[in-house]
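File shown: model37.cif. Contents: mmCIF, N, CA and C atoms.
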```cif
data_my_file
loop_
_atom_site.label_atom_id
_atom_site.label_comp_id
_atom_site.auth_asym_id
_atom_site.auth_seq_id
_atom_site.Cartn_x
_atom_site.Cartn_y
_atom_site.Cartn_z
N MET A 8 53.98 -147.40 53.61
CA MET A 8 53.08 -148.18 54.44
C MET A 8 53.12 -149.63 53.96
N THR A 9 53.21 -150.54 54.91
CA THR A 9 53.26 -151.96 54.56
C THR A 9 51.85 -152.47 54.28
N THR A 10 51.79 -153.61 53.58
CA THR A 10 50.47 -154.21 53.30
C THR A 10 49.81 -154.69 54.59
N ARG A 11 50.63 -155.13 55.54
CA ARG A 11 50.08 -155.56 56.84
C ARG A 11 49.40 -154.39 57.55
N ARG A 12 50.08 -153.24 57.55
CA ARG A 12 49.52 -152.04 58.19
C ARG A 12 48.21 -151.64 57.50
N LEU A 13 48.17 -151.69 56.17
CA LEU A 13 46.96 -151.36 55.43
C LEU A 13 45.83 -152.32 55.78
N ARG A 14 46.15 -153.62 55.87
CA ARG A 14 45.13 -154.61 56.23
C ARG A 14 44.57 -154.33 57.63
N VAL A 15 45.43 -154.02 58.57
CA VAL A 15 45.00 -153.72 59.94
C VAL A 15 44.11 -152.48 59.95
N LEU A 16 44.47 -151.47 59.22
CA LEU A 16 43.66 -150.24 59.16
C LEU A 16 42.27 -150.53 58.58
N ILE A 17 42.22 -151.33 57.52
CA ILE A 17 40.94 -151.66 56.90
C ILE A 17 40.09 -152.50 57.85
N GLN A 18 40.71 -153.45 58.55
CA GLN A 18 39.96 -154.29 59.48
C GLN A 18 39.38 -153.49 60.64
N ARG A 19 40.02 -152.39 61.00
CA ARG A 19 39.57 -151.57 62.13
C ARG A 19 38.58 -150.48 61.73
N LEU A 20 38.21 -150.40 60.48
CA LEU A 20 37.24 -149.40 60.06
C LEU A 20 35.88 -149.69 60.69
N PRO A 21 35.11 -148.65 60.99
CA PRO A 21 33.77 -148.89 61.55
C PRO A 21 32.86 -149.51 60.49
N PRO A 22 31.86 -150.29 60.91
CA PRO A 22 30.99 -150.97 59.95
C PRO A 22 30.26 -150.02 59.01
N GLU A 23 30.00 -148.79 59.45
CA GLU A 23 29.25 -147.86 58.60
C GLU A 23 30.13 -147.07 57.64
N SER A 24 31.45 -147.34 57.62
CA SER A 24 32.36 -146.62 56.72
C SER A 24 32.05 -146.99 55.26
N ALA A 25 32.47 -146.10 54.37
CA ALA A 25 32.23 -146.32 52.93
C ALA A 25 32.94 -147.58 52.44
N THR A 26 34.15 -147.83 52.94
CA THR A 26 34.90 -149.02 52.51
C THR A 26 34.19 -150.30 52.94
N MET A 27 33.77 -150.37 54.20
CA MET A 27 33.09 -151.58 54.68
C MET A 27 31.74 -151.77 53.98
N THR A 28 31.05 -150.67 53.69
CA THR A 28 29.79 -150.76 52.96
C THR A 28 30.03 -151.29 51.56
N ALA A 29 31.08 -150.81 50.89
CA ALA A 29 31.41 -151.30 49.55
C ALA A 29 31.76 -152.78 49.58
N LEU A 30 32.52 -153.22 50.61
CA LEU A 30 32.86 -154.64 50.73
C LEU A 30 31.60 -155.49 50.93
N ARG A 31 30.68 -155.01 51.77
CA ARG A 31 29.43 -155.75 51.99
C ARG A 31 28.59 -155.81 50.72
N ASN A 32 28.54 -154.69 49.98
CA ASN A 32 27.76 -154.66 48.74
C ASN A 32 28.33 -155.59 47.67
N ALA A 33 29.61 -155.88 47.75
CA ALA A 33 30.26 -156.76 46.76
C ALA A 33 30.06 -158.24 47.10
N MET A 34 29.54 -158.54 48.29
CA MET A 34 29.37 -159.94 48.69
C MET A 34 28.14 -160.55 48.02
N THR A 35 28.24 -161.86 47.77
CA THR A 35 27.10 -162.59 47.22
C THR A 35 26.11 -162.87 48.35
N PRO A 36 24.85 -163.17 48.02
CA PRO A 36 23.86 -163.50 49.06
C PRO A 36 24.30 -164.67 49.95
N GLU A 37 25.01 -165.64 49.36
CA GLU A 37 25.49 -166.78 50.14
C GLU A 37 26.54 -166.34 51.15
N GLU A 38 27.45 -165.47 50.72
CA GLU A 38 28.48 -164.95 51.63
C GLU A 38 27.86 -164.13 52.75
N LEU A 39 26.85 -163.33 52.42
CA LEU A 39 26.16 -162.54 53.44
C LEU A 39 25.48 -163.44 54.46
N ALA A 40 24.84 -164.50 53.96
CA ALA A 40 24.16 -165.44 54.86
C ALA A 40 25.17 -166.12 55.79
N GLU A 41 26.32 -166.50 55.23
CA GLU A 41 27.36 -167.13 56.05
C GLU A 41 27.88 -166.16 57.12
N GLN A 42 28.08 -164.91 56.74
CA GLN A 42 28.54 -163.90 57.70
C GLN A 42 27.52 -163.68 58.81
N SER A 43 26.23 -163.66 58.46
CA SER A 43 25.22 -163.44 59.49
C SER A 43 25.11 -164.62 60.44
N GLU A 44 25.41 -165.82 59.93
CA GLU A 44 25.38 -167.02 60.79
C GLU A 44 26.58 -167.07 61.73
N SER A 45 27.76 -166.72 61.22
CA SER A 45 28.97 -166.88 62.02
C SER A 45 29.44 -165.60 62.68
N GLY A 46 28.83 -164.48 62.37
CA GLY A 46 29.26 -163.22 62.94
C GLY A 46 28.95 -163.12 64.43
N GLU A 47 29.78 -162.42 65.17
CA GLU A 47 29.57 -162.20 66.60
C GLU A 47 29.79 -160.72 66.89
N PRO A 48 28.78 -159.87 66.61
CA PRO A 48 28.98 -158.43 66.77
C PRO A 48 29.27 -158.02 68.20
N GLU A 49 28.82 -158.82 69.18
CA GLU A 49 29.06 -158.44 70.57
C GLU A 49 30.53 -158.55 70.96
N LYS A 50 31.36 -159.19 70.12
CA LYS A 50 32.79 -159.29 70.41
C LYS A 50 33.56 -158.08 69.88
N GLY A 51 32.91 -157.26 69.07
CA GLY A 51 33.58 -156.08 68.54
C GLY A 51 33.64 -154.97 69.58
N SER A 52 34.48 -154.00 69.32
CA SER A 52 34.57 -152.89 70.27
C SER A 52 33.44 -151.90 69.98
N TRP A 53 32.88 -151.32 71.03
CA TRP A 53 31.81 -150.35 70.91
C TRP A 53 32.32 -149.00 71.34
N SER A 54 31.85 -147.98 70.66
CA SER A 54 32.19 -146.62 71.07
C SER A 54 31.30 -146.22 72.25
N GLN A 55 31.61 -145.09 72.84
CA GLN A 55 30.79 -144.62 73.95
C GLN A 55 29.36 -144.34 73.48
N SER A 56 29.22 -143.84 72.25
CA SER A 56 27.89 -143.57 71.70
C SER A 56 27.08 -144.85 71.58
N GLU A 57 27.71 -145.93 71.12
CA GLU A 57 27.01 -147.20 70.98
C GLU A 57 26.62 -147.75 72.34
N GLN A 58 27.50 -147.60 73.35
CA GLN A 58 27.18 -148.04 74.70
C GLN A 58 25.98 -147.28 75.23
N LEU A 59 25.96 -145.96 75.04
CA LEU A 59 24.85 -145.15 75.51
C LEU A 59 23.55 -145.47 74.77
N LEU A 60 23.66 -145.75 73.49
CA LEU A 60 22.48 -146.12 72.71
C LEU A 60 21.90 -147.45 73.18
N ALA A 61 22.76 -148.41 73.48
CA ALA A 61 22.29 -149.69 74.01
C ALA A 61 21.63 -149.50 75.37
N LEU A 62 22.21 -148.65 76.21
CA LEU A 62 21.62 -148.36 77.52
C LEU A 62 20.25 -147.72 77.35
N LEU A 63 20.14 -146.79 76.42
CA LEU A 63 18.87 -146.14 76.16
C LEU A 63 17.82 -147.13 75.67
N ALA A 64 18.22 -148.02 74.77
CA ALA A 64 17.30 -149.05 74.26
C ALA A 64 16.84 -149.97 75.39
N ASP A 65 17.75 -150.33 76.30
CA ASP A 65 17.38 -151.17 77.44
C ASP A 65 16.39 -150.46 78.35
N ARG A 66 16.62 -149.18 78.60
CA ARG A 66 15.73 -148.43 79.49
C ARG A 66 14.35 -148.26 78.86
N VAL A 67 14.29 -148.01 77.56
CA VAL A 67 12.99 -147.88 76.89
C VAL A 67 12.24 -149.21 76.93
N ALA A 68 12.95 -150.30 76.70
CA ALA A 68 12.31 -151.62 76.76
C ALA A 68 11.78 -151.89 78.16
N ARG A 69 12.54 -151.49 79.17
CA ARG A 69 12.10 -151.68 80.57
C ARG A 69 10.87 -150.83 80.87
N LEU A 70 10.84 -149.59 80.40
CA LEU A 70 9.67 -148.74 80.59
C LEU A 70 8.43 -149.33 79.91
N GLU A 71 8.63 -149.85 78.70
CA GLU A 71 7.52 -150.49 77.98
C GLU A 71 7.01 -151.69 78.76
N TYR A 72 7.91 -152.48 79.30
CA TYR A 72 7.53 -153.65 80.10
C TYR A 72 6.74 -153.23 81.34
N VAL A 73 7.21 -152.21 82.04
CA VAL A 73 6.51 -151.73 83.24
C VAL A 73 5.14 -151.20 82.88
N LEU A 74 5.04 -150.44 81.80
CA LEU A 74 3.77 -149.88 81.37
C LEU A 74 2.77 -150.98 81.03
N ILE A 75 3.20 -151.99 80.32
CA ILE A 75 2.32 -153.11 79.97
C ILE A 75 1.94 -153.88 81.22
N SER A 76 2.88 -154.12 82.11
CA SER A 76 2.61 -154.87 83.34
C SER A 76 1.59 -154.15 84.22
N VAL A 77 1.72 -152.84 84.34
CA VAL A 77 0.81 -152.06 85.18
C VAL A 77 -0.60 -152.07 84.61
N ASN A 78 -0.70 -152.07 83.29
CA ASN A 78 -2.02 -152.01 82.65
C ASN A 78 -2.59 -153.37 82.29
N THR A 79 -1.95 -154.44 82.74
CA THR A 79 -2.44 -155.79 82.48
C THR A 79 -3.33 -156.22 83.63
N ASP A 80 -4.42 -156.86 83.29
CA ASP A 80 -5.33 -157.38 84.32
C ASP A 80 -4.57 -158.31 85.25
N SER A 81 -4.94 -158.33 86.51
CA SER A 81 -4.23 -159.18 87.47
C SER A 81 -4.41 -160.66 87.16
N LYS A 82 -5.47 -161.01 86.44
CA LYS A 82 -5.73 -162.41 86.09
C LYS A 82 -5.02 -162.82 84.79
N SER A 83 -4.60 -161.84 84.04
CA SER A 83 -3.95 -162.13 82.75
C SER A 83 -2.48 -162.48 82.96
N LYS A 84 -1.93 -163.12 81.94
CA LYS A 84 -0.51 -163.48 81.98
C LYS A 84 0.32 -162.23 81.72
N ARG A 85 1.30 -161.98 82.58
CA ARG A 85 2.17 -160.82 82.43
C ARG A 85 3.28 -161.13 81.41
N PRO A 86 3.76 -160.10 80.73
CA PRO A 86 4.85 -160.32 79.77
C PRO A 86 6.15 -160.64 80.49
N ARG A 87 7.07 -161.24 79.77
CA ARG A 87 8.39 -161.53 80.33
C ARG A 87 9.21 -160.24 80.34
N PRO A 88 10.03 -160.05 81.37
CA PRO A 88 10.89 -158.86 81.39
C PRO A 88 11.85 -158.87 80.20
N PRO A 89 12.16 -157.70 79.68
CA PRO A 89 13.07 -157.65 78.52
C PRO A 89 14.50 -157.98 78.92
N GLU A 90 15.21 -158.60 77.99
CA GLU A 90 16.62 -158.90 78.23
C GLU A 90 17.45 -157.74 77.68
N PRO A 91 18.47 -157.32 78.42
CA PRO A 91 19.29 -156.21 77.93
C PRO A 91 20.10 -156.62 76.70
N ILE A 92 20.44 -155.63 75.92
CA ILE A 92 21.27 -155.87 74.74
C ILE A 92 22.65 -156.31 75.21
N ARG A 93 23.19 -157.34 74.58
CA ARG A 93 24.51 -157.84 74.98
C ARG A 93 25.58 -156.83 74.64
N ARG A 94 26.44 -156.58 75.61
CA ARG A 94 27.55 -155.65 75.44
C ARG A 94 28.80 -156.45 75.09
N PRO A 95 29.79 -155.79 74.45
CA PRO A 95 31.04 -156.49 74.14
C PRO A 95 31.71 -157.01 75.40
N GLY A 96 32.13 -158.26 75.36
CA GLY A 96 32.83 -158.85 76.49
C GLY A 96 31.92 -159.33 77.60
N ALA A 97 30.62 -159.12 77.48
CA ALA A 97 29.69 -159.55 78.53
C ALA A 97 29.16 -160.94 78.21
N LYS A 98 29.02 -161.74 79.24
CA LYS A 98 28.47 -163.07 79.06
C LYS A 98 26.95 -162.97 78.93
N PRO A 99 26.31 -163.94 78.27
CA PRO A 99 24.85 -163.90 78.16
C PRO A 99 24.21 -163.92 79.54
N ALA A 100 23.07 -163.26 79.64
CA ALA A 100 22.35 -163.22 80.91
C ALA A 100 21.85 -164.62 81.27
N LYS A 101 21.90 -164.93 82.55
CA LYS A 101 21.40 -166.22 83.00
C LYS A 101 19.88 -166.21 82.93
N THR A 102 19.33 -167.30 82.44
CA THR A 102 17.88 -167.39 82.39
C THR A 102 17.37 -167.97 83.70
N HIS A 103 16.26 -167.46 84.14
CA HIS A 103 15.67 -167.94 85.38
C HIS A 103 14.80 -169.15 85.07
N THR A 104 14.99 -170.18 85.85
CA THR A 104 14.18 -171.38 85.66
C THR A 104 13.10 -171.41 86.72
N LYS A 105 11.95 -171.93 86.34
CA LYS A 105 10.84 -172.04 87.28
C LYS A 105 11.08 -173.25 88.18
N ILE A 106 10.59 -173.15 89.40
CA ILE A 106 10.74 -174.28 90.31
C ILE A 106 9.63 -175.28 90.02
N THR A 107 9.91 -176.53 90.30
CA THR A 107 8.93 -177.59 90.07
C THR A 107 7.90 -177.58 91.20
N ASP A 108 6.83 -178.32 91.01
CA ASP A 108 5.80 -178.41 92.04
C ASP A 108 6.36 -179.01 93.33
N GLU A 109 7.24 -179.99 93.19
CA GLU A 109 7.84 -180.61 94.38
C GLU A 109 8.69 -179.60 95.14
N GLN A 110 9.46 -178.81 94.41
CA GLN A 110 10.29 -177.79 95.05
C GLN A 110 9.43 -176.73 95.72
N ALA A 111 8.34 -176.35 95.08
CA ALA A 111 7.43 -175.37 95.66
C ALA A 111 6.80 -175.91 96.94
N ASP A 112 6.38 -177.18 96.92
CA ASP A 112 5.79 -177.79 98.12
C ASP A 112 6.80 -177.84 99.25
N LEU A 113 8.04 -178.22 98.94
CA LEU A 113 9.08 -178.29 99.95
C LEU A 113 9.34 -176.90 100.54
N LEU A 114 9.41 -175.90 99.70
CA LEU A 114 9.61 -174.54 100.17
C LEU A 114 8.46 -174.09 101.05
N PHE A 115 7.25 -174.40 100.65
CA PHE A 115 6.07 -174.03 101.43
C PHE A 115 6.11 -174.71 102.80
N GLU A 116 6.49 -175.98 102.83
CA GLU A 116 6.58 -176.71 104.11
C GLU A 116 7.65 -176.10 105.01
N MET A 117 8.79 -175.73 104.42
CA MET A 117 9.87 -175.13 105.20
C MET A 117 9.42 -173.80 105.79
N LEU A 118 8.71 -173.01 105.01
CA LEU A 118 8.23 -171.72 105.50
C LEU A 118 7.15 -171.92 106.58
N LYS A 119 6.34 -172.93 106.40
CA LYS A 119 5.24 -173.21 107.34
C LYS A 119 5.83 -173.60 108.71
N GLU A 120 6.94 -174.35 108.71
CA GLU A 120 7.57 -174.76 109.96
C GLU A 120 8.13 -173.58 110.74
N ARG A 121 8.57 -172.56 110.04
CA ARG A 121 9.18 -171.40 110.69
C ARG A 121 8.14 -170.50 111.33
N VAL A 122 6.93 -170.53 110.85
CA VAL A 122 5.90 -169.61 111.39
C VAL A 122 5.26 -170.14 112.62
#
```
Conversion result in structure tokens:
Amino acid sequence: MTTRRLRVLIQRLPPESATMTALRNAMTPEELAEQSESGEPEKGSWSQSEQLLALLADRVARLEYVLISVNTDSKSKRPRPPEPIRRPGAKPAKTHTKITDEQADLLFEMLKERV
């Protein structure tokens, strides 16, 4: 086996493997901090189990949001909907921006003209 092949095999090990755990345990706190700053776990490949676990977490978060929303007073501020866990290869979700007062007035006037 070539050293290149060995390197590729080690790089492809799952994060929870004994080898990767030993490598992480050997890192200094500074190296760990640098890895957490520059790491991009969403670019890694996910197994089917990880995909299903992320889906389950999203659904539970959505149920929690609905439960809180239903039991919140109509006069109280409602919570923000949960954002799904980022999947590998997926772009970040677009954030919704609120319309300004001028835009709301214009929209109201346009709707008023149609009625």
Between atom N of A:Ala111 and atom CA of A:Pro88, what is the distance, to one decimal in Å?
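Taking atom N of A:Ala111 and atom CA of A:Pro88, their separation equals 22.4 Å.
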What does the structure give for the distance between atom N of A:Arg69 and atom N of A:Pro86, in Å to one decimal?
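Separation between atom N of A:Arg69 and atom N of A:Pro86: 12.4 Å.
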Which residues in chain A does DSSP call helix (DSSP H, G or I)? List them as a VMD selection string.
chain A and resid 10 to 18 25 to 32 36 to 45 48 to 50 55 to 77 108 to 121
From the list A:Glu109, A:Arg85, A:Ile92, A:Asn78, which residue is nearest A:Ala64 when using all atoms listed in the file?
A:Ile92
Mind giving me the straight-line distance from atom C of A:Ala68 to atom C of A:Pro89 in Å, one decimal?
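It comes out at 6.7 Å.
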If we count only N, CA and C atoms, what is near A:Ile17 at a cut-off of 8 Å, once residues fewer than 5 positions away on the same chain are taken out, given as a ChimeraX atom specification?
/A:11-12,26-27
Considering only C-alpha atoms, state which residue in the set A:Asp112, A:Ala40, A:Arg87, A:Met117 is at the smallest distance from A:Val73.
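Counting only C-alpha atoms, the residue closest to A:Val73 is A:Arg87.
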